[in-house]
Amino acid sequence: MLRCYVSNERERQQMEHAEGPLEFGRGPRRGDMARCTIHDPYVSKDHVRIQETPTGKLRVENLSLKQPIWLSANSSILPAGSFELDLPARLSVGDSVIDIEPATGDTVRREYLATVAQPVRAKAPGESGPGLTRIGPTPSAETLVQWFETACAVQRAAPGTEEFYQQTAQALVDLVGLDRGLVLLRQGDAWEVMARAFRDEGGAGREFSYTILRHVVEERRTFFQSSVKNNSAESLQGVQTVVASPIFDAKDNVVGAVYGSRSLSARRTEIGPLEAQLVQLLASIVSNGMSRLESEAESTRLRVAVEASVQADAAKSAFLATMSHELRTPLNGVIGYSEMLKEEAEDTGAKETITTLDKILSAARHLLALINDILDLSKIEAGRMDLVLETFEVGPFIEEVKSTVLPLAEKNGNNLLVECPAAVGSIHADPMRIKQCLLNLLSNACKFTKGGRVGLTVTRQLREGQDCFEFAVSDTGIGLTAEQLQGLFNRFHQADAGTTRKYGGTGLGLAITRHLARMMGGDVSVQSTHGKGSTFTMTVPAEVVKK
């Protein structure tokens, strides 16, 4: 087993490695290969690979294609080279130093470790847990005040900052009476020391025990030894007392630990469960801070993603509006010239030419209708859809709609029934948009009905004290299932793939119709029975007010 120490001006990491190859580099872990990531811009993405040989030597390979590995001031391993060294060994890469030595004599027996109640991650309402004063001798009021003032100070520090970690490490020394306080975070297979604080000679010896940290990670709880019993452990040489508590992230994973120790030279009372619980409290504060930091980072990522989505949506709408305009202009030319050619063909009696031109006109008008829908959608999404309000009589207006829809109804052998009272009166709204909505609803009814009935009923009534017109479009067509009704008014929505193949369409008409109705202060609703038909009802105020 090897123990590795990585240090530079920015960080200090330590790790133990049992067997097999171990890599060091600036890049992330590769597959299942054990890795220590070094935060040094002068270290290559993949720089060093080491492995202990059966003879107890250290085989070192240089994975970099450009940078050497320095063994001393005058000795190095060139790029793509390798060498075997005696242990312990020191390697220099970039601005970092890697010290490697055999890991021996650092076994801390589990039965020697005491523990306290597991850190409270979440409680049910009304549930209570053991308090500090129930675990050991009750501290004085002054001590409790000092503890919680320090805890509050740590919590106020910006999470993830050097001050945040340093205040936690210092609190271990000042409040718990330890000689060494550490805040450690797991960096892949290594432990990185984020902050350290010392009292007197507390900085001597090994900084921490890997075995104790392994128990902390595996069992997710706080461990301590009030009086170290196995002084043969190398990491506990000269240590009288040790304590470690886990740090959790927002997903309840152990991502670090708060670690403290007291040296044998100290002539102070041994720490007990109460002090261990205080260490656990400090670890919980760090956990909460990291969770808050992660939550803020996630909020920032979501905000950036939303802003990017809005910008992309605006760019898409602008593109659609531009392209729709560019396509509509030549299409209108195609339709115009086709109509002129048809008139000439009718004058000359060229029946085959007339049939061909009718197909061209039908296809061009269909494509123009699709482009108009896309243009309307792009205007809606860009917020550039405007209403042109005027007052007009509803009766004559409905007659115009009827004359437009009648050929569509007759095409599928449907009867078109229109009911609109003569005295229904006038409406102040956008006639072009109301006509667009009614044509969308009526053309759908004619398309999905064959040899049946399509109806349009116009009524005027009070709805929640407001004078409104109701335009109900009914049919005896294929109808919709409850599942098909879900999301029916969403853009590009189709009932199902089979319906799309058989009847065609873009799925934009109903989305545009509902949006236009809502722009005028109304709405569109639907009632349908599968196999029996549907009724779409559009409601519009008699006096539309532009918003």
# chains A, B, ... in the order shown; residues from 1 in each chain; ligands from 1
>>> residues_around(residues="stretch 523-534 of chain A", least_positions_apart="5", cutoff="7 Å", atoms="only C-alpha atoms", output="PyMOL selection string")
chain A and resi 474-481+514+517-518+539
>>> residues_around(residues="A:Glu52", least_positions_apart="5", cutoff="12 Å", atoms="only C-alpha atoms", output="VMD selection string")
chain A and resid 1 to 3 17 to 22 57 to 61 83 to 89 100 to 103
>>> atom_distance(atom1="atom CA of A:Glu410", atom2="atom CA of A:Asn440")
16.6 Å
>>> closest_residue(among="A:Ile247, A:Val48, A:Val6, A:Ala409", to="A:Leu185", atoms="only C-alpha atoms")
A:Ile247
>>> residues_around(residues="A:Lys411", least_positions_apart="4", cutoff="12 Å", atoms="only C-alpha atoms", output="PyMOL selection string")
chain A and resi 405-407+415-416+443+446-452
>>> closest_residue(among="A:Asp95, A:Glu419, A:Glu464, A:Glu163", to="A:Asp40", atoms="only C-alpha atoms")
A:Asp95
>>> atom_distance(atom1="atom CA of A:Arg90", atom2="atom CA of A:Ala257")
27.2 Å
>>> residues_around(residues="A:Asp179", least_positions_apart="6", cutoff="6 Å", atoms="only C-alpha atoms", output="PDB file with C-alpha atoms, in the first residue's frame")
ATOM      1  CA  VAL A 173      -9.278  24.314  18.144  1.00  0.00           C
ATOM      2  CA  PHE A 198      -3.239  24.573  15.162  1.00  0.00           C
ATOM      3  CA  ARG A 199      -2.643  25.276  18.855  1.00  0.00           C
ATOM      4  CA  GLY A 202      -0.484  20.633  17.288  1.00  0.00           C
ATOM      5  CA  ARG A 262      -5.200  16.581  20.615  1.00  0.00           C
TER       6      ARG A 262
END
>>> atom_distance(atom1="atom CA of A:Leu175", atom2="atom CA of A:Ser227")
18.9 Å
>>> residues_around(residues="A:Gly238", least_positions_apart="2", cutoff="7 Å", atoms="only C-alpha atoms", output="PyMOL selection string")
chain A and resi 236+240+263-264
>>> closest_residue(among="A:Val258, A:Arg221, A:Ile98, A:Pro396", to="A:Ala197", atoms="only C-alpha atoms")
A:Val258
>>> residues_around(residues="A:Lys359", least_positions_apart="4", cutoff="12 Å", atoms="only C-alpha atoms", output="ChimeraX atom specification")
/A:335,338-339,342,352-355,363-366
>>> closest_residue(among="A:Ile50, A:Gly188, A:Lys402, A:Leu278", to="A:Arg30", atoms="only C-alpha atoms")
A:Gly188
